[in-house]
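Structure file target-v3.pdb (PDB, C-alpha atoms and all ligand atoms) follows.
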MODEL        1
ATOM      1  CA  MET A   1      -4.696  32.688  24.387
ATOM      2  CA  GLY A   2      -7.500  34.952  25.576
ATOM      3  CA  LYS A   3      -9.795  37.202  23.587
ATOM      4  CA  VAL A   4      -9.551  40.896  22.790
ATOM      5  CA  ILE A   5     -12.714  42.552  24.066
ATOM      6  CA  ALA A   6     -13.571  46.126  23.123
ATOM      7  CA  GLY A   7     -16.195  47.590  25.411
ATOM      8  CA  MET A   8     -17.792  50.861  26.416
ATOM      9  CA  ALA A   9     -20.909  52.234  28.082
ATOM     10  CA  MET A  10     -23.083  54.441  25.916
ATOM     11  CA  SER A  11     -26.399  56.244  25.904
ATOM     12  CA  LEU A  12     -29.301  55.029  23.793
ATOM     13  CA  ASP A  13     -28.511  57.831  21.327
ATOM     14  CA  GLY A  14     -24.952  56.557  20.940
ATOM     15  CA  PHE A  15     -22.859  58.897  23.101
ATOM     16  CA  VAL A  16     -19.965  57.734  25.299
ATOM     17  CA  THR A  17     -19.611  61.124  27.011
ATOM     18  CA  ASP A  18     -21.999  64.009  27.535
ATOM     19  CA  ARG A  19     -21.477  67.356  25.783
ATOM     20  CA  HIS A  20     -19.098  68.445  28.588
ATOM     21  CA  GLY A  21     -16.897  65.349  28.178
ATOM     22  CA  SER A  22     -18.218  63.736  31.355
ATOM     23  CA  VAL A  23     -19.173  60.069  31.758
ATOM     24  CA  ALA A  24     -20.970  60.646  35.080
ATOM     25  CA  ALA A  25     -24.463  60.122  33.631
ATOM     26  CA  LEU A  26     -23.329  56.809  32.129
ATOM     27  CA  TYR A  27     -21.946  55.588  35.462
ATOM     28  CA  PRO A  28     -24.538  56.812  37.999
ATOM     29  CA  ASP A  29     -23.521  54.300  40.665
ATOM     30  CA  MET A  30     -19.860  53.269  40.428
ATOM     31  CA  GLU A  31     -20.055  51.181  43.600
ATOM     32  CA  ALA A  32     -22.987  49.103  42.303
ATOM     33  CA  MET A  33     -21.241  48.728  38.946
ATOM     34  CA  ARG A  34     -18.012  47.531  40.600
ATOM     35  CA  ASN A  35     -19.960  44.935  42.600
ATOM     36  CA  SER A  36     -22.003  43.712  39.632
ATOM     37  CA  PRO A  37     -21.409  40.075  38.658
ATOM     38  CA  ARG A  38     -20.733  41.228  35.089
ATOM     39  CA  LEU A  39     -17.851  43.505  36.062
ATOM     40  CA  GLN A  40     -16.532  41.016  38.602
ATOM     41  CA  ALA A  41     -16.408  38.389  35.831
ATOM     42  CA  ALA A  42     -14.638  40.844  33.516
ATOM     43  CA  ILE A  43     -12.090  41.665  36.229
ATOM     44  CA  ALA A  44     -11.388  37.964  36.776
ATOM     45  CA  SER A  45     -10.906  37.235  33.073
ATOM     46  CA  THR A  46      -8.896  40.352  32.159
ATOM     47  CA  GLY A  47      -5.121  40.004  32.093
ATOM     48  CA  ALA A  48      -4.266  43.365  30.508
ATOM     49  CA  VAL A  49      -6.016  46.565  29.451
ATOM     50  CA  VAL A  50      -5.593  48.858  26.452
ATOM     51  CA  MET A  51      -6.801  52.461  26.558
ATOM     52  CA  GLY A  52      -6.368  55.676  24.625
ATOM     53  CA  ARG A  53      -4.556  58.649  26.097
ATOM     54  CA  ARG A  54      -7.788  60.569  26.640
ATOM     55  CA  ALA A  55      -9.464  57.669  28.423
ATOM     56  CA  PHE A  56      -6.308  57.398  30.575
ATOM     57  CA  GLU A  57      -6.666  61.077  31.463
ATOM     58  CA  MET A  58     -10.252  60.597  32.707
ATOM     59  CA  GLY A  59      -8.876  60.204  36.227
ATOM     60  CA  ASP A  60      -5.794  61.231  38.186
ATOM     61  CA  PRO A  61      -3.162  58.838  36.736
ATOM     62  CA  ASP A  62      -1.560  58.417  40.176
ATOM     63  CA  SER A  63      -4.877  57.180  41.586
ATOM     64  CA  TYR A  64      -5.128  54.064  39.363
ATOM     65  CA  ALA A  65      -2.773  51.833  41.391
ATOM     66  CA  GLY A  66      -4.839  50.103  44.056
ATOM     67  CA  ALA A  67      -8.128  51.767  43.017
ATOM     68  CA  TYR A  68      -8.837  51.116  39.324
ATOM     69  CA  GLU A  69     -11.030  48.052  38.723
ATOM     70  CA  PHE A  70      -8.408  46.312  36.575
ATOM     71  CA  GLN A  71      -5.181  45.919  38.606
ATOM     72  CA  VAL A  72      -3.239  44.535  35.646
ATOM     73  CA  PRO A  73      -0.750  45.897  33.090
ATOM     74  CA  LEU A  74      -2.310  48.904  31.324
ATOM     75  CA  PHE A  75      -1.193  49.845  27.812
ATOM     76  CA  VAL A  76      -1.898  53.475  26.926
ATOM     77  CA  VAL A  77      -1.867  54.451  23.245
ATOM     78  CA  THR A  78      -0.373  57.888  22.700
ATOM     79  CA  HIS A  79       1.953  59.842  20.452
ATOM     80  CA  ALA A  80       3.947  61.072  23.450
ATOM     81  CA  PRO A  81       4.207  59.553  26.950
ATOM     82  CA  PRO A  82       3.597  61.877  29.907
ATOM     83  CA  ALA A  83       6.607  63.695  31.331
ATOM     84  CA  ARG A  84       6.266  61.815  34.615
ATOM     85  CA  HIS A  85       5.475  58.085  34.802
ATOM     86  CA  PRO A  86       2.360  57.522  36.964
ATOM     87  CA  LYS A  87       2.393  55.554  40.193
ATOM     88  CA  GLU A  88       2.259  51.763  39.778
ATOM     89  CA  GLY A  89       1.651  48.904  42.210
ATOM     90  CA  GLY A  90      -0.415  45.865  43.111
ATOM     91  CA  GLY A  91      -0.033  44.332  39.644
ATOM     92  CA  LEU A  92      -0.944  47.552  37.847
ATOM     93  CA  THR A  93       1.742  48.905  35.530
ATOM     94  CA  PHE A  94       1.678  51.520  32.772
ATOM     95  CA  THR A  95       3.213  51.093  29.335
ATOM     96  CA  PHE A  96       2.884  54.029  26.953
ATOM     97  CA  VAL A  97       2.713  52.718  23.394
ATOM     98  CA  THR A  98       3.660  55.160  20.647
ATOM     99  CA  ASP A  99       3.548  52.892  17.589
ATOM    100  CA  GLY A 100      -0.191  52.349  17.287
ATOM    101  CA  VAL A 101      -3.141  50.361  18.555
ATOM    102  CA  ALA A 102      -2.084  47.061  16.958
ATOM    103  CA  SER A 103       1.222  47.256  18.832
ATOM    104  CA  ALA A 104      -0.597  48.024  22.099
ATOM    105  CA  VAL A 105      -2.904  45.025  21.612
ATOM    106  CA  ARG A 106       0.057  42.788  20.744
ATOM    107  CA  GLN A 107       1.937  43.846  23.879
ATOM    108  CA  ALA A 108      -1.207  43.514  26.001
ATOM    109  CA  ARG A 109      -1.813  39.993  24.665
ATOM    110  CA  ALA A 110       1.709  38.996  25.665
ATOM    111  CA  ALA A 111       1.193  40.450  29.157
ATOM    112  CA  ALA A 112      -2.264  38.873  29.584
ATOM    113  CA  GLY A 113      -1.091  35.323  28.832
ATOM    114  CA  PRO A 114      -4.150  33.056  28.753
ATOM    115  CA  ARG A 115      -6.478  35.808  29.981
ATOM    116  CA  ASP A 116      -8.368  38.413  27.952
ATOM    117  CA  VAL A 117      -7.284  41.848  26.827
ATOM    118  CA  THR A 118      -9.945  44.439  27.595
ATOM    119  CA  VAL A 119      -9.950  47.601  25.478
ATOM    120  CA  VAL A 120     -11.815  50.142  27.605
ATOM    121  CA  GLY A 121     -11.933  53.064  25.164
ATOM    122  CA  GLY A 122     -12.160  55.785  24.209
ATOM    123  CA  ALA A 123     -14.019  55.989  20.969
ATOM    124  CA  SER A 124     -10.934  56.485  18.818
ATOM    125  CA  VAL A 125      -9.129  53.403  20.128
ATOM    126  CA  ILE A 126     -12.253  51.209  19.969
ATOM    127  CA  GLN A 127     -12.827  52.280  16.360
ATOM    128  CA  GLN A 128      -9.235  51.494  15.408
ATOM    129  CA  CYS A 129      -9.488  48.062  17.056
ATOM    130  CA  LEU A 130     -12.560  47.262  14.983
ATOM    131  CA  ARG A 131     -11.236  48.738  11.748
ATOM    132  CA  GLU A 132      -7.887  46.933  12.058
ATOM    133  CA  GLY A 133      -9.518  43.592  12.911
ATOM    134  CA  LEU A 134      -7.966  43.499  16.393
ATOM    135  CA  ALA A 135     -11.135  42.915  18.464
ATOM    136  CA  ASP A 136     -12.745  39.491  18.918
ATOM    137  CA  GLU A 137     -15.775  40.875  20.766
ATOM    138  CA  LEU A 138     -17.587  44.190  21.136
ATOM    139  CA  HIS A 139     -19.393  44.763  24.447
ATOM    140  CA  LEU A 140     -21.805  47.681  24.672
ATOM    141  CA  ASP A 141     -23.531  48.618  27.917
ATOM    142  CA  VAL A 142     -26.452  50.722  26.713
ATOM    143  CA  ARG A 143     -27.881  53.002  29.414
ATOM    144  CA  PRO A 144     -31.523  54.071  29.286
ATOM    145  CA  LEU A 145     -30.880  57.749  28.663
ATOM    146  CA  LEU A 146     -30.608  60.165  25.787
ATOM    147  CA  LEU A 147     -27.597  62.451  26.254
ATOM    148  CA  GLY A 148     -28.478  64.615  23.261
ATOM    149  CA  GLY A 149     -24.833  65.523  22.612
ATOM    150  CA  GLY A 150     -21.245  64.610  23.370
ATOM    151  CA  LEU A 151     -18.808  62.136  21.827
ATOM    152  CA  ARG A 152     -20.472  59.477  19.709
ATOM    153  CA  LEU A 153     -18.835  56.058  19.663
ATOM    154  CA  PHE A 154     -19.271  55.685  15.912
ATOM    155  CA  GLU A 155     -19.536  59.326  14.764
ATOM    156  CA  THR A 156     -16.480  59.182  12.514
ATOM    157  CA  PHE A 157     -16.432  55.461  11.923
ATOM    158  CA  GLU A 158     -15.661  54.651   8.315
ATOM    159  CA  GLY A 159     -14.336  51.532   6.694
ATOM    160  CA  GLU A 160     -15.329  48.115   5.477
ATOM    161  CA  LEU A 161     -18.569  46.466   6.585
ATOM    162  CA  ILE A 162     -18.140  44.623   9.888
ATOM    163  CA  ALA A 163     -20.706  41.955  10.710
ATOM    164  CA  LEU A 164     -21.428  41.200  14.363
ATOM    165  CA  GLU A 165     -23.003  38.134  15.936
ATOM    166  CA  LEU A 166     -25.040  38.666  19.102
ATOM    167  CA  ILE A 167     -23.645  36.235  21.690
ATOM    168  CA  GLY A 168     -25.041  37.719  24.895
ATOM    169  CA  LEU A 169     -27.847  39.964  26.070
ATOM    170  CA  ASP A 170     -28.488  40.951  29.703
ATOM    171  CA  GLN A 171     -31.424  43.193  30.423
ATOM    172  CA  GLU A 172     -31.496  45.120  33.669
ATOM    173  CA  PRO A 173     -33.348  48.327  34.551
ATOM    174  CA  LEU A 174     -30.218  50.483  34.235
ATOM    175  CA  VAL A 175     -28.389  48.695  31.449
ATOM    176  CA  THR A 176     -28.916  46.585  28.357
ATOM    177  CA  ALA A 177     -25.646  44.701  28.019
ATOM    178  CA  LEU A 178     -25.033  43.671  24.424
ATOM    179  CA  ARG A 179     -22.225  41.216  23.670
ATOM    180  CA  TYR A 180     -21.201  40.733  20.056
ATOM    181  CA  ARG A 181     -18.637  38.490  18.394
ATOM    182  CA  VAL A 182     -16.865  40.246  15.535
ATOM    183  CA  GLN A 183     -17.220  38.178  12.381
ATOM    184  CA  ARG A 184     -14.018  37.677  10.443
TER     185      ARG A 184
HETATM  186  N1  LIG B   1     -18.429  55.608  28.129
HETATM  187  C1  LIG B   1     -17.381  54.873  28.405
HETATM  188  O1  LIG B   1     -17.476  53.673  28.726
HETATM  189  C2  LIG B   1     -16.009  55.499  28.291
HETATM  190  C3  LIG B   1     -14.880  54.701  28.519
HETATM  191  C4  LIG B   1     -13.617  55.272  28.333
HETATM  192  C5  LIG B   1     -13.497  56.601  27.954
HETATM  193  N2  LIG B   1     -14.618  57.353  27.771
HETATM  194  C6  LIG B   1     -14.515  58.749  27.340
HETATM  195  O2  LIG B   1     -14.021  58.757  26.012
HETATM  196  C7  LIG B   1     -13.312  59.981  25.808
HETATM  197  C8  LIG B   1     -12.004  59.670  25.115
HETATM  198  O3  LIG B   1     -12.263  59.087  23.858
HETATM  199  P1  LIG B   1     -11.482  59.620  22.577
HETATM  200  O4  LIG B   1     -11.953  58.867  21.418
HETATM  201  O5  LIG B   1     -11.579  61.111  22.572
HETATM  202  O6  LIG B   1      -9.953  59.321  22.932
HETATM  203  P2  LIG B   1      -9.132  57.992  23.286
HETATM  204  O7  LIG B   1      -9.428  56.908  22.309
HETATM  205  O8  LIG B   1      -9.262  57.676  24.729
HETATM  206  O9  LIG B   1      -7.657  58.565  23.103
HETATM  207  C9  LIG B   1      -7.286  59.219  21.920
HETATM  208  C10 LIG B   1      -5.821  59.535  22.062
HETATM  209  O10 LIG B   1      -5.084  58.313  22.064
HETATM  210  C11 LIG B   1      -3.908  58.467  21.299
HETATM  211  N3  LIG B   1      -4.002  57.661  20.100
HETATM  212  C12 LIG B   1      -5.117  57.107  19.538
HETATM  213  N4  LIG B   1      -4.782  56.391  18.458
HETATM  214  C13 LIG B   1      -3.438  56.486  18.328
HETATM  215  C14 LIG B   1      -2.512  55.934  17.423
HETATM  216  N5  LIG B   1      -2.906  55.149  16.410
HETATM  217  N6  LIG B   1      -1.204  56.217  17.590
HETATM  218  C15 LIG B   1      -0.787  56.986  18.616
HETATM  219  N7  LIG B   1      -1.628  57.541  19.520
HETATM  220  C16 LIG B   1      -2.938  57.288  19.372
HETATM  221  C17 LIG B   1      -3.789  59.938  20.986
HETATM  222  O11 LIG B   1      -3.164  60.504  22.135
HETATM  223  P3  LIG B   1      -2.118  61.712  22.074
HETATM  224  O12 LIG B   1      -2.934  62.879  21.656
HETATM  225  O13 LIG B   1      -1.565  61.812  23.454
HETATM  226  O14 LIG B   1      -1.077  61.348  21.098
HETATM  227  C18 LIG B   1      -5.231  60.369  20.905
HETATM  228  O15 LIG B   1      -5.406  61.734  21.113
HETATM  229  C19 LIG B   1     -13.043  60.611  27.162
HETATM  230  O16 LIG B   1     -13.833  61.788  27.268
HETATM  231  C20 LIG B   1     -13.522  59.575  28.141
HETATM  232  O17 LIG B   1     -14.154  60.176  29.238
HETATM  233  C21 LIG B   1     -15.865  56.826  27.916
ENDMDL
END
With the file now loaded, output its structure as structure tokens.
Amino acid sequence: MGKVIAGMAMSLDGFVTDRHGSVAALYPDMEAMRNSPRLQAAIASTGAVVMGRRAFEMGDPDSYAGAYEFQVPLFVVTHAPPARHPKEGGGLTFTFVTDGVASAVRQARAAAGPRDVTVVGGASVIQQCLREGLADELHLDVRPLLLGGGLRLFETFEGELIALELIGLDQEPLVTALRYRVQR
């Protein structure tokens, strides 16, 4: 069975969006990011993806099939599925999960088989994964910028102490990639 990896890109001051809700500053060059060995490795090892409804709504839902980096089953956590099911294809399917993050991770694990489940955000779903002990690893791509406002990854994070073990550190001019194992 694969791992459950929770990961997001954030600014040095801890924001995962700017004050207008945009992630553009955190992803200045999508093409370079897509071609990076780190993302290519993540694509190869990911068998299913979990995301929150707001992260799902970052793009046109019908544009995911064939274009999104992870062409695998996607599990979207929401209280109410959209009225119209988005376009699927090429291995990418959508399942709208209405009974919580643990259920989404369980279903994603089953779909991923031996590969990993990648939880791509947003902040709410990543926090719940950590709080409920669902994530094996936390991956943070820290960009060298101060956004000064927006949505903080851990703004409302409350709960028991969670210890992390640093298992990977890549330093590049435009990202410090931190890889932590969640201690149980
Ligand atoms: N920097 C990055 O790497 C990155 C990556 C991904 C996303 N983002 C950004 O993060 C922002 C979204 O983060 P977010 O924290 O606001 O939202 P989110 O985690 O993406 O989604 C929250 C939504 O998911 C649903 N949800 C969450 N927990 C649930 C539960 N236990 N049961 C049922 N439904 C549940 C609810 O949807 P309903 O209201 O539909 O019920 C809730 O409103 C977006 O602005 C996006 O651009 C950044």
Using all atoms listed in the file, which residues of the polymer chains come no farther than 9 Å from ligand LIG 1 (chain B)? I'd like the answer as a PDB file with C-alpha atoms, in the frame of the given file.
ATOM      1  CA  GLY A   7     -16.195  47.590  25.411  1.00  0.00           C
ATOM      2  CA  MET A   8     -17.792  50.861  26.416  1.00  0.00           C
ATOM      3  CA  ALA A   9     -20.909  52.234  28.082  1.00  0.00           C
ATOM      4  CA  MET A  10     -23.083  54.441  25.916  1.00  0.00           C
ATOM      5  CA  SER A  11     -26.399  56.244  25.904  1.00  0.00           C
ATOM      6  CA  PHE A  15     -22.859  58.897  23.101  1.00  0.00           C
ATOM      7  CA  VAL A  16     -19.965  57.734  25.299  1.00  0.00           C
ATOM      8  CA  THR A  17     -19.611  61.124  27.011  1.00  0.00           C
ATOM      9  CA  ASP A  18     -21.999  64.009  27.535  1.00  0.00           C
ATOM     10  CA  HIS A  20     -19.098  68.445  28.588  1.00  0.00           C
ATOM     11  CA  GLY A  21     -16.897  65.349  28.178  1.00  0.00           C
ATOM     12  CA  SER A  22     -18.218  63.736  31.355  1.00  0.00           C
ATOM     13  CA  VAL A  23     -19.173  60.069  31.758  1.00  0.00           C
ATOM     14  CA  ALA A  24     -20.970  60.646  35.080  1.00  0.00           C
ATOM     15  CA  LEU A  26     -23.329  56.809  32.129  1.00  0.00           C
ATOM     16  CA  TYR A  27     -21.946  55.588  35.462  1.00  0.00           C
ATOM     17  CA  MET A  51      -6.801  52.461  26.558  1.00  0.00           C
ATOM     18  CA  GLY A  52      -6.368  55.676  24.625  1.00  0.00           C
ATOM     19  CA  ARG A  53      -4.556  58.649  26.097  1.00  0.00           C
ATOM     20  CA  ARG A  54      -7.788  60.569  26.640  1.00  0.00           C
ATOM     21  CA  ALA A  55      -9.464  57.669  28.423  1.00  0.00           C
ATOM     22  CA  PHE A  56      -6.308  57.398  30.575  1.00  0.00           C
ATOM     23  CA  GLU A  57      -6.666  61.077  31.463  1.00  0.00           C
ATOM     24  CA  MET A  58     -10.252  60.597  32.707  1.00  0.00           C
ATOM     25  CA  GLY A  59      -8.876  60.204  36.227  1.00  0.00           C
ATOM     26  CA  VAL A  76      -1.898  53.475  26.926  1.00  0.00           C
ATOM     27  CA  VAL A  77      -1.867  54.451  23.245  1.00  0.00           C
ATOM     28  CA  THR A  78      -0.373  57.888  22.700  1.00  0.00           C
ATOM     29  CA  HIS A  79       1.953  59.842  20.452  1.00  0.00           C
ATOM     30  CA  ALA A  80       3.947  61.072  23.450  1.00  0.00           C
ATOM     31  CA  PRO A  81       4.207  59.553  26.950  1.00  0.00           C
ATOM     32  CA  PRO A  82       3.597  61.877  29.907  1.00  0.00           C
ATOM     33  CA  VAL A  97       2.713  52.718  23.394  1.00  0.00           C
ATOM     34  CA  THR A  98       3.660  55.160  20.647  1.00  0.00           C
ATOM     35  CA  ASP A  99       3.548  52.892  17.589  1.00  0.00           C
ATOM     36  CA  GLY A 100      -0.191  52.349  17.287  1.00  0.00           C
ATOM     37  CA  VAL A 101      -3.141  50.361  18.555  1.00  0.00           C
ATOM     38  CA  ALA A 102      -2.084  47.061  16.958  1.00  0.00           C
ATOM     39  CA  VAL A 119      -9.950  47.601  25.478  1.00  0.00           C
ATOM     40  CA  VAL A 120     -11.815  50.142  27.605  1.00  0.00           C
ATOM     41  CA  GLY A 121     -11.933  53.064  25.164  1.00  0.00           C
ATOM     42  CA  GLY A 122     -12.160  55.785  24.209  1.00  0.00           C
ATOM     43  CA  ALA A 123     -14.019  55.989  20.969  1.00  0.00           C
ATOM     44  CA  SER A 124     -10.934  56.485  18.818  1.00  0.00           C
ATOM     45  CA  VAL A 125      -9.129  53.403  20.128  1.00  0.00           C
ATOM     46  CA  ILE A 126     -12.253  51.209  19.969  1.00  0.00           C
ATOM     47  CA  GLN A 127     -12.827  52.280  16.360  1.00  0.00           C
ATOM     48  CA  GLN A 128      -9.235  51.494  15.408  1.00  0.00           C
ATOM     49  CA  LEU A 140     -21.805  47.681  24.672  1.00  0.00           C
ATOM     50  CA  ASP A 141     -23.531  48.618  27.917  1.00  0.00           C
ATOM     51  CA  GLY A 150     -21.245  64.610  23.370  1.00  0.00           C
ATOM     52  CA  LEU A 151     -18.808  62.136  21.827  1.00  0.00           C
ATOM     53  CA  ARG A 152     -20.472  59.477  19.709  1.00  0.00           C
ATOM     54  CA  LEU A 153     -18.835  56.058  19.663  1.00  0.00           C
TER      55      LEU A 153
END
| request: On this file, the PyMOL selection byres (((chain A and resi 30-36) around 12) and not hetatm) gives some set of residues; write that set as a ChimeraX atom specification. | output: /A:9,23-29,37-43,67-70,141,172,174-175
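When atom CA of A:Pro114 is paired with atom CA of A:Thr46, their separation reads 9.3 Å.
For A:Tyr64, the residues within 10 Å (counting all atoms listed in the file, excluding itself and residues fewer than 6 positions away along the chain) are Phe56, Phe70, Gln71, Leu74, Pro86, Lys87, Glu88, Gly89, Leu92, Thr93 and Phe94 of chain A.
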Residues from the last selection, C-alpha atoms, saved as a PDB file, in the coordinates of the input:
ATOM      1  CA  PHE A  56      -6.308  57.398  30.575  1.00  0.00           C
ATOM      2  CA  PHE A  70      -8.408  46.312  36.575  1.00  0.00           C
ATOM      3  CA  GLN A  71      -5.181  45.919  38.606  1.00  0.00           C
ATOM      4  CA  LEU A  74      -2.310  48.904  31.324  1.00  0.00           C
ATOM      5  CA  PRO A  86       2.360  57.522  36.964  1.00  0.00           C
ATOM      6  CA  LYS A  87       2.393  55.554  40.193  1.00  0.00           C
ATOM      7  CA  GLU A  88       2.259  51.763  39.778  1.00  0.00           C
ATOM      8  CA  GLY A  89       1.651  48.904  42.210  1.00  0.00           C
ATOM      9  CA  LEU A  92      -0.944  47.552  37.847  1.00  0.00           C
ATOM     10  CA  THR A  93       1.742  48.905  35.530  1.00  0.00           C
ATOM     11  CA  PHE A  94       1.678  51.520  32.772  1.00  0.00           C
TER      12      PHE A  94
END
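Computed from the coordinates, the atom CA of A:Arg179 to atom CA of A:Gly66 distance equals 28.2 Å.
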| message | I'd like to know which of A:Leu169, A:Phe157, A:Val182, A:Leu164 is closest to A:Val4, using all atoms listed in the file. | response | A:Val182
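Minimum atom-to-atom distances from A:Val142, A:Ala48, A:Ile162, A:Ala6 to A:Cys129 were compared using all atoms listed in the file, and the lowest value belongs to A:Ala6.
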| message | I'd like to see the residues matched by the PyMOL selection byres (((chain A and resi 107) around 10) and not hetatm) on this file, and ideally I'd get them as a PyMOL selection string. | response | chain A and resi 48+50+73-75+95+97+101-106+108-112+117
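Among the candidates A:Arg184, A:Gly148, A:Ser45, A:Gly91, the residue lying nearest to A:Ala65 is A:Gly91 (atoms considered: all atoms listed in the file).
From atom CA of A:Asp13 back to atom CA of A:Leu146, the distance works out to 5.5 Å.
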| said: If we count only C-alpha atoms and set the cut-off at 8 Å, which residues sit around A:Leu166, ignoring sequence neighbours fewer than 6 positions away in its own chain? Please answer as a PyMOL selection string. | reply: chain A and resi 178-181
N, CA and C atoms are what I want for stretch 159-178 of chain A; can you complete it accordingly and write them as an mmCIF file, in the coordinates of the input?
data_model
loop_
_atom_site.group_PDB
_atom_site.id
_atom_site.type_symbol
_atom_site.label_atom_id
_atom_site.label_comp_id
_atom_site.auth_asym_id
_atom_site.auth_seq_id
_atom_site.Cartn_x
_atom_site.Cartn_y
_atom_site.Cartn_z
ATOM 1 N N GLY A 159 -15.156 52.682 7.048
ATOM 2 C CA GLY A 159 -14.336 51.532 6.694
ATOM 3 C C GLY A 159 -15.179 50.456 6.063
ATOM 4 N N GLU A 160 -14.622 49.252 6.060
ATOM 5 C CA GLU A 160 -15.329 48.115 5.477
ATOM 6 C C GLU A 160 -16.478 47.698 6.390
ATOM 7 N N LEU A 161 -17.461 47.015 5.802
ATOM 8 C CA LEU A 161 -18.569 46.466 6.585
ATOM 9 C C LEU A 161 -18.023 45.473 7.614
ATOM 10 N N ILE A 162 -18.522 45.575 8.842
ATOM 11 C CA ILE A 162 -18.140 44.623 9.888
ATOM 12 C C ILE A 162 -19.421 43.971 10.395
ATOM 13 N N ALA A 163 -19.517 42.674 10.236
ATOM 14 C CA ALA A 163 -20.706 41.955 10.710
ATOM 15 C C ALA A 163 -20.455 41.487 12.140
ATOM 16 N N LEU A 164 -21.523 41.577 12.955
ATOM 17 C CA LEU A 164 -21.428 41.200 14.363
ATOM 18 C C LEU A 164 -22.458 40.112 14.657
ATOM 19 N N GLU A 165 -22.074 39.200 15.527
ATOM 20 C CA GLU A 165 -23.003 38.134 15.936
ATOM 21 C C GLU A 165 -23.345 38.349 17.407
ATOM 22 N N LEU A 166 -24.639 38.471 17.701
ATOM 23 C CA LEU A 166 -25.040 38.666 19.102
ATOM 24 C C LEU A 166 -24.803 37.370 19.875
ATOM 25 N N ILE A 167 -23.953 37.439 20.910
ATOM 26 C CA ILE A 167 -23.645 36.235 21.690
ATOM 27 C C ILE A 167 -24.087 36.357 23.137
ATOM 28 N N GLY A 168 -24.576 37.555 23.515
ATOM 29 C CA GLY A 168 -25.041 37.719 24.895
ATOM 30 C C GLY A 168 -25.918 38.942 25.023
ATOM 31 N N LEU A 169 -26.936 38.834 25.855
ATOM 32 C CA LEU A 169 -27.847 39.964 26.070
ATOM 33 C C LEU A 169 -28.375 39.888 27.497
ATOM 34 N N ASP A 170 -27.974 40.862 28.326
ATOM 35 C CA ASP A 170 -28.488 40.951 29.703
ATOM 36 C C ASP A 170 -29.347 42.196 29.783
ATOM 37 N N GLN A 171 -30.558 42.023 30.274
ATOM 38 C CA GLN A 171 -31.424 43.193 30.423
ATOM 39 C C GLN A 171 -31.661 43.468 31.887
ATOM 40 N N GLU A 172 -31.272 44.669 32.301
ATOM 41 C CA GLU A 172 -31.496 45.120 33.669
ATOM 42 C C GLU A 172 -32.094 46.513 33.578
ATOM 43 N N PRO A 173 -32.716 47.007 34.653
ATOM 44 C CA PRO A 173 -33.348 48.327 34.551
ATOM 45 C C PRO A 173 -32.386 49.434 34.103
ATOM 46 N N LEU A 174 -31.120 49.376 34.539
ATOM 47 C CA LEU A 174 -30.218 50.483 34.235
ATOM 48 C C LEU A 174 -29.201 50.179 33.144
ATOM 49 N N VAL A 175 -29.309 49.010 32.550
ATOM 50 C CA VAL A 175 -28.389 48.695 31.449
ATOM 51 C C VAL A 175 -28.943 47.560 30.590
ATOM 52 N N THR A 176 -28.744 47.705 29.280
ATOM 53 C CA THR A 176 -28.916 46.585 28.357
ATOM 54 C C THR A 176 -27.517 46.236 27.879
ATOM 55 N N ALA A 177 -27.025 45.085 28.322
ATOM 56 C CA ALA A 177 -25.646 44.701 28.019
ATOM 57 C C ALA A 177 -25.637 43.825 26.775
ATOM 58 N N LEU A 178 -25.084 44.374 25.709
ATOM 59 C CA LEU A 178 -25.033 43.671 24.424
ATOM 60 C C LEU A 178 -23.630 43.122 24.222
#
